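Working notes, beginning with the structure itself.
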Amino acid sequence: MLVENCKLAIISIKANKMRAFLTMLGIIIGVAAVIAIMTVGNSMTKGIQKQLESYGVQNIDVYITPFDYNAELSDADIENSKFKPEVLHKFSDNFKDKVSAISVESSVGNGVVLKNDKKATVDVTGVSAGYFKANNLKLKDGIYFDSSAYELGTNVAIVSDLFAKQLFGENYSAETILGNDFEVNINDEYINITPVGIYEFKAQGGGKQKTSPMYMPLKSAWNLNHDQSIYYMTVVASEGQDAVKVSEDIKKYFIDSLANQLGDKFTVEVYSNQSMIKENTDMMSKITMAISLIAAIALIVGGIGVMNIMTVSITERTREIGTRKALGAEDSMIMLQFISEAIILCLIGGLIGMIIGVTIGDVASKLMGYAPTISFASIYISVGFSMAIGVFFGYSPAKHAAKMNPIDALRYE
């Protein structure tokens with residue numbers, strides 16, 4: 001019986017192709033809009049999440065900040081806004097089970113290296129041992145600094161492959177860089193450095209950059225700067241640790257241990273990448289869902305169109321209904337016939353909308369620079385919803401058809 005009703009529904013749709021298409025248009029637009037929006041939203045969410053994760057899911061930024069940013073600070077206050085090296089050592093001992101790395105930086109300044117009439121420009125920065133893990137910086141050649149380099153503050157360095165290419169060309173060999181002395185001019189002061197490692201340089205923000213970071217041990221930078229200021233640090237929570245929970249513990253520890261230094265002017269703020277990723281994902285999901293719900297209004301409009309066309313169809317086929325009922329067709333059979341027709345209309349519209357929505361979502365995601373992430377949930381929901389609309393909006397006209405008096409129906413002109 002169901003198969004027979006579906007055949008009758010398809011015959012009826014084919015008989016009025018243009019009208020059927022215009023009826024389905026609202027469903028097509030609604031389904032396509034929902035799927036396209038959710039696909040773009042998912043693609044953006046995944047892309048931004050992946051970008052944030054590249055900075056380190058377990059990373060936690062820690063810094064001292066004033067309660068009132070507009071307050072005038074004395075020299076003593078400015079000193080109180082910094083972490084002291086001894087505080088860092090105590091913190092490391094207290095959190096050795098929860099923290100796998102601590103990254104601290106100290107900028108020395110921009111420098112220039114001249115070699116064989118060629119020039120390389122560098123941004124010299126002193127870093128702690130945990131910097132490379134916190135920033136996921138991998139070496140192409142050579143080694144990281146050993147413990148003695150950090151303890152003694154020797155003038156060794158880790159340079160970029162861009163540095164090597166600027167001085168020795170694209171086909172440079174690591175042997176021409178590693179273990180050899182280079183003279184760096186920083187603020188008209190010449191410093192001899194010996195590279196021990198080479199990392200792959202990746203330009204930030206697009207474009208072709210000519211200056212790349214050169215890293216040296218933190219103590220070496222302190223010696224050059226004659227200053228051991230620590231304005232902030234990045235802490236890497238150990239694997240298996242909840243970074244958000246660790247960040248809360250870190251904040252409490254510093255507020256308690258630095259109570260005298262902080263006074264009533266400063267506090268300690270912590271910010272974990274994990275919490276930022278979660279906040280971003282939640283925000284993007286809410287925005288995507290809100291826009292999708294607005295787009296879904298088109299499905300309701302399409303449903304009203306289905307009800308309208310079914311009402312017209314029943315009016316046109318009144319004599320057909322009367323003939324079937326006179327031949328013994330039950331009310332349920334008449335109702336099922338017209339509900340089936342409404343469902344098939346919405347199903348065809350939903351499938352066309354699905355194809356259009358996936359295509360638009362795929363193209364739009366690529367144009368925005370994100371890898372397309374098809375939202376299968378939106379496909380199931382929107383197509384399923386379109387079928388539910390067929391049942392809901394097709395029920396009333398179908399019920400009206402089923403309740404017709406066969407004698408009155410046969411008399412209908």
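By order of appearance in the structure tokens: chains A, B, ..., then residues from 1 within every chain, and ligands from 1 in the order shown.
When the distance limit is 8 Å and only C-alpha atoms are what count, the residues near stretch 111-124 of chain A, minus those fewer than 5 positions from it on the same chain, are Phe163, Gln166, Leu167, Phe182, Glu183, Val184, Asn185, Ile186, Asn187, Lys210, Thr211, Ser212, Pro213, Met214, Tyr215 and Met216 of chain A.
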- Select from stretch 124-268 of chain A everything DSSP, run on the backbone, classes as helix (DSSP H, G or I), then give the selection as JSON, numbers by chain. {"A": [131, 132, 133, 134, 147, 148, 149, 150, 151, 152, 161, 162, 163, 164, 165, 166, 167, 168, 174, 175, 176, 218, 219, 220, 221, 222, 223, 224, 225, 243, 244, 245, 246, 247, 248, 249, 250, 251, 252, 253, 254, 255, 256, 257, 259, 260, 261, 262]}
Write a file of the just-selected residues containing N, CA and C atoms, as a short mmCIF file (atom, residue, chain, number, x, y, z; two decimals), in the first residue's frame.
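See again25.cif below for the written result:
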```
data_model
loop_
_atom_site.label_atom_id
_atom_site.label_comp_id
_atom_site.auth_asym_id
_atom_site.auth_seq_id
_atom_site.Cartn_x
_atom_site.Cartn_y
_atom_site.Cartn_z
N TYR A 131 61.39 27.19 26.84
CA TYR A 131 60.84 27.97 25.72
C TYR A 131 60.55 27.09 24.51
N PHE A 132 61.46 26.19 24.19
CA PHE A 132 61.34 25.40 22.97
C PHE A 132 60.16 24.43 23.03
N LYS A 133 59.88 23.91 24.21
CA LYS A 133 58.72 23.03 24.36
C LYS A 133 57.42 23.84 24.33
N ALA A 134 57.41 24.97 25.01
CA ALA A 134 56.20 25.81 25.07
C ALA A 134 55.81 26.31 23.69
N SER A 147 72.85 22.24 29.71
CA SER A 147 72.63 22.86 31.03
C SER A 147 73.71 23.88 31.36
N SER A 148 74.96 23.62 30.95
CA SER A 148 76.04 24.55 31.27
C SER A 148 75.84 25.90 30.57
N ALA A 149 75.27 25.88 29.37
CA ALA A 149 75.02 27.13 28.64
C ALA A 149 74.03 28.01 29.41
N TYR A 150 73.01 27.37 29.99
CA TYR A 150 72.04 28.13 30.79
C TYR A 150 72.66 28.63 32.10
N GLU A 151 73.49 27.79 32.70
CA GLU A 151 74.07 28.15 34.01
C GLU A 151 75.15 29.23 33.88
N LEU A 152 75.98 29.13 32.84
CA LEU A 152 77.10 30.06 32.69
C LEU A 152 76.76 31.27 31.83
N ASP A 161 66.80 28.76 9.62
CA ASP A 161 67.30 28.42 8.29
C ASP A 161 67.28 29.65 7.38
N LEU A 162 66.42 30.64 7.69
CA LEU A 162 66.43 31.89 6.93
C LEU A 162 67.75 32.62 7.12
N PHE A 163 68.23 32.63 8.35
CA PHE A 163 69.54 33.22 8.66
C PHE A 163 70.62 32.56 7.81
N ALA A 164 70.59 31.23 7.77
CA ALA A 164 71.58 30.48 7.00
C ALA A 164 71.48 30.79 5.51
N LYS A 165 70.26 30.87 4.99
CA LYS A 165 70.06 31.15 3.56
C LYS A 165 70.50 32.57 3.20
N GLN A 166 70.26 33.52 4.11
CA GLN A 166 70.65 34.90 3.83
C GLN A 166 72.17 35.05 3.72
N LEU A 167 72.90 34.24 4.48
CA LEU A 167 74.37 34.36 4.47
C LEU A 167 75.05 33.41 3.48
N PHE A 168 74.45 32.23 3.25
CA PHE A 168 75.12 31.22 2.43
C PHE A 168 74.28 30.68 1.28
N ALA A 174 74.77 22.76 6.88
CA ALA A 174 74.75 23.01 8.32
C ALA A 174 76.16 23.23 8.86
N GLU A 175 77.16 22.58 8.22
CA GLU A 175 78.55 22.68 8.71
C GLU A 175 79.08 24.10 8.61
N THR A 176 78.55 24.90 7.67
CA THR A 176 79.03 26.29 7.54
C THR A 176 78.46 27.19 8.62
N LEU A 218 68.94 32.30 28.44
CA LEU A 218 68.35 33.42 29.17
C LEU A 218 69.42 34.22 29.94
N LYS A 219 70.34 33.51 30.60
CA LYS A 219 71.36 34.21 31.40
C LYS A 219 72.28 35.04 30.51
N SER A 220 72.53 34.58 29.28
CA SER A 220 73.35 35.35 28.34
C SER A 220 72.68 36.68 28.03
N ALA A 221 71.38 36.66 27.83
CA ALA A 221 70.62 37.89 27.56
C ALA A 221 70.63 38.80 28.79
N TRP A 222 70.46 38.19 29.97
CA TRP A 222 70.51 39.00 31.20
C TRP A 222 71.86 39.70 31.35
N ASN A 223 72.91 38.97 31.02
CA ASN A 223 74.25 39.57 31.13
C ASN A 223 74.41 40.75 30.15
N LEU A 224 73.89 40.60 28.95
CA LEU A 224 73.99 41.66 27.95
C LEU A 224 73.11 42.86 28.31
N ASN A 225 71.93 42.57 28.88
CA ASN A 225 71.00 43.64 29.24
C ASN A 225 71.30 44.28 30.59
N ALA A 243 44.84 21.61 32.35
CA ALA A 243 45.51 22.91 32.30
C ALA A 243 44.71 24.00 33.00
N VAL A 244 43.38 23.92 32.91
CA VAL A 244 42.54 24.93 33.57
C VAL A 244 42.68 24.83 35.08
N LYS A 245 42.68 23.60 35.62
CA LYS A 245 42.84 23.39 37.07
C LYS A 245 44.24 23.81 37.51
N VAL A 246 45.26 23.47 36.72
CA VAL A 246 46.64 23.86 37.06
C VAL A 246 46.77 25.38 37.07
N SER A 247 46.12 26.06 36.12
CA SER A 247 46.20 27.52 36.06
C SER A 247 45.59 28.15 37.32
N GLU A 248 44.50 27.54 37.81
CA GLU A 248 43.89 28.04 39.05
C GLU A 248 44.83 27.85 40.24
N ASP A 249 45.51 26.70 40.28
CA ASP A 249 46.47 26.43 41.36
C ASP A 249 47.65 27.40 41.30
N ILE A 250 48.11 27.69 40.08
CA ILE A 250 49.24 28.61 39.90
C ILE A 250 48.87 30.02 40.38
N LYS A 251 47.67 30.44 40.02
CA LYS A 251 47.23 31.78 40.43
C LYS A 251 47.17 31.89 41.94
N LYS A 252 46.58 30.89 42.58
CA LYS A 252 46.48 30.91 44.05
C LYS A 252 47.87 30.90 44.69
N TYR A 253 48.78 30.10 44.12
CA TYR A 253 50.13 30.01 44.68
C TYR A 253 50.83 31.37 44.65
N PHE A 254 50.80 32.03 43.51
CA PHE A 254 51.51 33.31 43.38
C PHE A 254 50.85 34.41 44.20
N ILE A 255 49.53 34.43 44.24
CA ILE A 255 48.85 35.47 45.04
C ILE A 255 49.19 35.31 46.52
N ASP A 256 49.28 34.05 46.95
CA ASP A 256 49.64 33.80 48.36
C ASP A 256 51.11 34.09 48.63
N SER A 257 51.99 33.57 47.76
CA SER A 257 53.44 33.68 48.02
C SER A 257 53.97 35.09 47.75
N ALA A 259 52.17 37.93 48.26
CA ALA A 259 51.21 38.86 48.87
C ALA A 259 51.86 40.20 49.22
N ASN A 260 53.05 40.17 49.81
CA ASN A 260 53.73 41.41 50.21
C ASN A 260 54.14 42.23 48.99
N GLN A 261 54.64 41.55 47.96
CA GLN A 261 55.08 42.25 46.74
C GLN A 261 53.89 42.85 45.98
N LEU A 262 52.78 42.11 45.93
CA LEU A 262 51.62 42.58 45.18
C LEU A 262 50.91 43.73 45.88
#
```
- What separation in Å, quoted to one decimal, exists between atom CA of A:Met307 and atom CA of A:Ile389? 9.5 Å
Stretch 178-245 of chain A near stretch 83-101 of chain A within 6 Å: what's each residue's closest atom pair and its distance in Å to one decimal, counting only C-alpha atoms, ordered by chain then ascending residue number, as JSON lines?
```
{"residue": "A:Ile230", "atom": "CA", "partner": "A:Phe83", "partner_atom": "CA", "distance": 5.1}
{"residue": "A:Val235", "atom": "CA", "partner": "A:Ala101", "partner_atom": "CA", "distance": 6.0}
{"residue": "A:Val236", "atom": "CA", "partner": "A:Ala101", "partner_atom": "CA", "distance": 5.1}
{"residue": "A:Ala237", "atom": "CA", "partner": "A:Val99", "partner_atom": "CA", "distance": 4.4}
{"residue": "A:Ser238", "atom": "CA", "partner": "A:Ser100", "partner_atom": "CA", "distance": 4.8}
```
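The interatomic distance for the pair atom CA of A:Ser382 and atom CA of A:Ala364 works out to 19.4 Å.
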For A:Phe385: contacts at 12 Å, only C-alpha atoms, fewer than 3 positions along chain excluded, given as a PDB file with N, CA and C atoms, in the first residue's frame:
```pdb
ATOM      1  N   ILE A  27      11.739  24.679   0.863  1.00  0.00           N
ATOM      2  CA  ILE A  27      12.450  23.585   1.532  1.00  0.00           C
ATOM      3  C   ILE A  27      13.902  23.542   1.072  1.00  0.00           C
ATOM      4  N   GLY A  30      15.836  26.492   2.593  1.00  0.00           N
ATOM      5  CA  GLY A  30      16.023  26.297   4.042  1.00  0.00           C
ATOM      6  C   GLY A  30      17.066  25.257   4.369  1.00  0.00           C
ATOM      7  N   VAL A  31      16.960  24.089   3.738  1.00  0.00           N
ATOM      8  CA  VAL A  31      17.924  23.007   3.987  1.00  0.00           C
ATOM      9  C   VAL A  31      19.327  23.421   3.555  1.00  0.00           C
ATOM     10  N   VAL A  34      20.833  26.015   6.057  1.00  0.00           N
ATOM     11  CA  VAL A  34      21.227  25.415   7.341  1.00  0.00           C
ATOM     12  C   VAL A  34      22.519  24.620   7.194  1.00  0.00           C
ATOM     13  N   ALA A 296      16.614  28.397   9.369  1.00  0.00           N
ATOM     14  CA  ALA A 296      15.595  27.340   9.391  1.00  0.00           C
ATOM     15  C   ALA A 296      14.185  27.896   9.241  1.00  0.00           C
ATOM     16  N   ILE A 297      14.036  29.223   9.415  1.00  0.00           N
ATOM     17  CA  ILE A 297      12.714  29.838   9.206  1.00  0.00           C
ATOM     18  C   ILE A 297      12.234  29.566   7.776  1.00  0.00           C
ATOM     19  N   ALA A 298      13.200  29.507   6.857  1.00  0.00           N
ATOM     20  CA  ALA A 298      12.842  29.220   5.456  1.00  0.00           C
ATOM     21  C   ALA A 298      12.166  27.858   5.341  1.00  0.00           C
ATOM     22  N   LEU A 299      12.528  26.918   6.218  1.00  0.00           N
ATOM     23  CA  LEU A 299      11.886  25.607   6.201  1.00  0.00           C
ATOM     24  C   LEU A 299      10.416  25.721   6.603  1.00  0.00           C
ATOM     25  N   ILE A 300      10.139  26.578   7.576  1.00  0.00           N
ATOM     26  CA  ILE A 300       8.751  26.781   8.002  1.00  0.00           C
ATOM     27  C   ILE A 300       7.947  27.399   6.857  1.00  0.00           C
ATOM     28  N   GLY A 302       8.646  27.123   3.738  1.00  0.00           N
ATOM     29  CA  GLY A 302       8.478  26.056   2.756  1.00  0.00           C
ATOM     30  C   GLY A 302       7.354  25.119   3.144  1.00  0.00           C
ATOM     31  N   GLY A 303       7.226  24.846   4.452  1.00  0.00           N
ATOM     32  CA  GLY A 303       6.152  23.981   4.946  1.00  0.00           C
ATOM     33  C   GLY A 303       4.785  24.570   4.682  1.00  0.00           C
ATOM     34  N   ILE A 343       5.225  14.338   1.968  1.00  0.00           N
ATOM     35  CA  ILE A 343       6.542  13.888   2.453  1.00  0.00           C
ATOM     36  C   ILE A 343       7.530  13.781   1.294  1.00  0.00           C
ATOM     37  N   CYS A 346       8.726  17.164   0.174  1.00  0.00           N
ATOM     38  CA  CYS A 346       9.721  17.716   1.115  1.00  0.00           C
ATOM     39  C   CYS A 346      11.029  16.934   1.076  1.00  0.00           C
ATOM     40  N   LEU A 347      10.939  15.603   0.862  1.00  0.00           N
ATOM     41  CA  LEU A 347      12.150  14.790   0.805  1.00  0.00           C
ATOM     42  C   LEU A 347      12.990  15.142  -0.415  1.00  0.00           C
ATOM     43  N   GLY A 349      12.907  17.968  -2.061  1.00  0.00           N
ATOM     44  CA  GLY A 349      13.444  19.311  -1.784  1.00  0.00           C
ATOM     45  C   GLY A 349      14.604  19.269  -0.816  1.00  0.00           C
ATOM     46  N   GLY A 350      14.478  18.410   0.212  1.00  0.00           N
ATOM     47  CA  GLY A 350      15.552  18.284   1.198  1.00  0.00           C
ATOM     48  C   GLY A 350      16.832  17.734   0.601  1.00  0.00           C
ATOM     49  N   LEU A 351      16.709  16.740  -0.287  1.00  0.00           N
ATOM     50  CA  LEU A 351      17.892  16.141  -0.910  1.00  0.00           C
ATOM     51  C   LEU A 351      18.583  17.127  -1.857  1.00  0.00           C
ATOM     52  N   ALA A 377      25.628  16.168  11.047  1.00  0.00           N
ATOM     53  CA  ALA A 377      24.490  16.360  11.951  1.00  0.00           C
ATOM     54  C   ALA A 377      23.472  17.299  11.320  1.00  0.00           C
ATOM     55  N   SER A 378      23.967  18.375  10.681  1.00  0.00           N
ATOM     56  CA  SER A 378      23.051  19.328  10.047  1.00  0.00           C
ATOM     57  C   SER A 378      22.328  18.685   8.874  1.00  0.00           C
ATOM     58  N   ILE A 379      22.991  17.745   8.171  1.00  0.00           N
ATOM     59  CA  ILE A 379      22.349  17.052   7.046  1.00  0.00           C
ATOM     60  C   ILE A 379      21.197  16.178   7.561  1.00  0.00           C
ATOM     61  N   TYR A 380      21.494  15.377   8.592  1.00  0.00           N
ATOM     62  CA  TYR A 380      20.460  14.492   9.146  1.00  0.00           C
ATOM     63  C   TYR A 380      19.288  15.300   9.700  1.00  0.00           C
ATOM     64  N   ILE A 381      19.636  16.356  10.452  1.00  0.00           N
ATOM     65  CA  ILE A 381      18.592  17.147  11.118  1.00  0.00           C
ATOM     66  C   ILE A 381      17.727  17.884  10.104  1.00  0.00           C
ATOM     67  N   SER A 382      18.375  18.569   9.149  1.00  0.00           N
ATOM     68  CA  SER A 382      17.609  19.391   8.212  1.00  0.00           C
ATOM     69  C   SER A 382      16.768  18.548   7.259  1.00  0.00           C
ATOM     70  N   ALA A 388       9.606  15.844   8.390  1.00  0.00           N
ATOM     71  CA  ALA A 388       8.645  16.089   9.464  1.00  0.00           C
ATOM     72  C   ALA A 388       7.692  17.219   9.078  1.00  0.00           C
ATOM     73  N   ILE A 389       8.231  18.219   8.380  1.00  0.00           N
ATOM     74  CA  ILE A 389       7.391  19.321   7.894  1.00  0.00           C
ATOM     75  C   ILE A 389       6.349  18.782   6.912  1.00  0.00           C
ATOM     76  N   GLY A 390       6.755  17.831   6.075  1.00  0.00           N
ATOM     77  CA  GLY A 390       5.820  17.220   5.129  1.00  0.00           C
ATOM     78  C   GLY A 390       4.657  16.562   5.847  1.00  0.00           C
ATOM     79  N   VAL A 391       4.978  15.859   6.941  1.00  0.00           N
ATOM     80  CA  VAL A 391       3.928  15.197   7.721  1.00  0.00           C
ATOM     81  C   VAL A 391       3.034  16.243   8.395  1.00  0.00           C
ATOM     82  N   PHE A 392       3.680  17.233   9.032  1.00  0.00           N
ATOM     83  CA  PHE A 392       2.952  18.236   9.827  1.00  0.00           C
ATOM     84  C   PHE A 392       2.024  19.082   8.958  1.00  0.00           C
ATOM     85  N   PHE A 393       2.608  19.630   7.871  1.00  0.00           N
ATOM     86  CA  PHE A 393       1.815  20.528   7.035  1.00  0.00           C
ATOM     87  C   PHE A 393       0.949  19.770   6.014  1.00  0.00           C
TER      88      PHE A 393
END
```
- Polymer residues at most 8 Å from A:Val358, only C-alpha atoms, same-chain spacing of 6 or more positions, as a PyMOL selection string: chain A and resi 32+35-36+39+374
Produce a table with one row for each residue of stretch 208-319 of chain A that has an atom at most 9 Å from any atom of stretch 67-81 of chain A, each row naming the nearest atom pair and its distance in Å at one decimal; use only C-alpha atoms; arrange rows by chain and rising residue number; format as JSON lines.
```
{"residue": "A:Ser229", "atom": "CA", "partner": "A:Glu79", "partner_atom": "CA", "distance": 8.4}
{"residue": "A:Ile230", "atom": "CA", "partner": "A:Ser81", "partner_atom": "CA", "distance": 9.0}
{"residue": "A:Tyr231", "atom": "CA", "partner": "A:Ser81", "partner_atom": "CA", "distance": 7.2}
{"residue": "A:Gln261", "atom": "CA", "partner": "A:Asn80", "partner_atom": "CA", "distance": 5.7}
{"residue": "A:Leu262", "atom": "CA", "partner": "A:Asn80", "partner_atom": "CA", "distance": 6.6}
{"residue": "A:Gly263", "atom": "CA", "partner": "A:Asn80", "partner_atom": "CA", "distance": 9.0}
{"residue": "A:Asp264", "atom": "CA", "partner": "A:Phe67", "partner_atom": "CA", "distance": 8.0}
{"residue": "A:Lys265", "atom": "CA", "partner": "A:Phe67", "partner_atom": "CA", "distance": 5.7}
{"residue": "A:Phe266", "atom": "CA", "partner": "A:Phe67", "partner_atom": "CA", "distance": 5.5}
{"residue": "A:Thr267", "atom": "CA", "partner": "A:Phe67", "partner_atom": "CA", "distance": 6.6}
```
Please write the residues from the selection above to a file, keeping N, CA and C atoms, as a CSV table (one decimal), in the first residue's frame.
```
chain,number,residue,atom,x,y,z
A,229,SER,N,65.0,41.2,34.6
A,229,SER,CA,63.5,41.4,34.8
A,229,SER,C,62.7,40.2,34.1
A,230,ILE,N,61.7,39.7,34.8
A,230,ILE,CA,60.8,38.7,34.2
A,230,ILE,C,59.4,39.3,34.3
A,231,TYR,N,58.9,39.7,33.1
A,231,TYR,CA,57.6,40.4,33.1
A,231,TYR,C,56.4,39.4,33.0
A,261,GLN,N,54.6,41.5,48.0
A,261,GLN,CA,55.1,42.2,46.7
A,261,GLN,C,53.9,42.8,46.0
A,262,LEU,N,52.8,42.1,45.9
A,262,LEU,CA,51.6,42.6,45.2
A,262,LEU,C,50.9,43.7,45.9
A,263,GLY,N,50.8,43.6,47.2
A,263,GLY,CA,50.2,44.7,48.0
A,263,GLY,C,48.7,44.8,47.5
A,264,ASP,N,48.3,46.1,47.5
A,264,ASP,CA,46.9,46.4,47.1
A,264,ASP,C,46.8,47.0,45.7
A,265,LYS,N,48.0,46.9,45.0
A,265,LYS,CA,48.1,47.5,43.6
A,265,LYS,C,48.1,46.5,42.5
A,266,PHE,N,48.5,45.3,42.8
A,266,PHE,CA,48.7,44.3,41.8
A,266,PHE,C,48.0,43.0,42.1
A,267,THR,N,47.8,42.2,41.1
A,267,THR,CA,47.3,40.8,41.2
A,267,THR,C,48.0,40.0,40.2
```
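Coordinates place atom CA of A:Thr125 at a distance of 17.5 Å from atom CA of A:Ile143.
Nearest residue to A:Gly353, choosing from A:Met18, A:Gly126, A:Val40, A:Ser386 and counting only C-alpha atoms: A:Ser386.
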- Message: Neighbouring residues of A:Glu269 were defined as those with any atom within 7 Å, considering only C-alpha atoms; residues of the same chain fewer than 4 positions away were excluded. Please report them as a PyMOL selection string.
- Response: chain A and resi 62-65+251
I need the chosen residues saved as a PDB file, in the first residue's frame, with C-alpha atoms.
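Listed below is the output, part29.pdb:
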```pdb
ATOM      1  CA  VAL A  62      51.246  33.985  33.915  1.00  0.00           C
ATOM      2  CA  TYR A  63      51.799  37.690  34.560  1.00  0.00           C
ATOM      3  CA  ILE A  64      51.458  40.378  37.220  1.00  0.00           C
ATOM      4  CA  THR A  65      48.955  43.103  36.416  1.00  0.00           C
ATOM      5  CA  LYS A 251      47.230  31.782  40.428  1.00  0.00           C
TER       6      LYS A 251
END
```
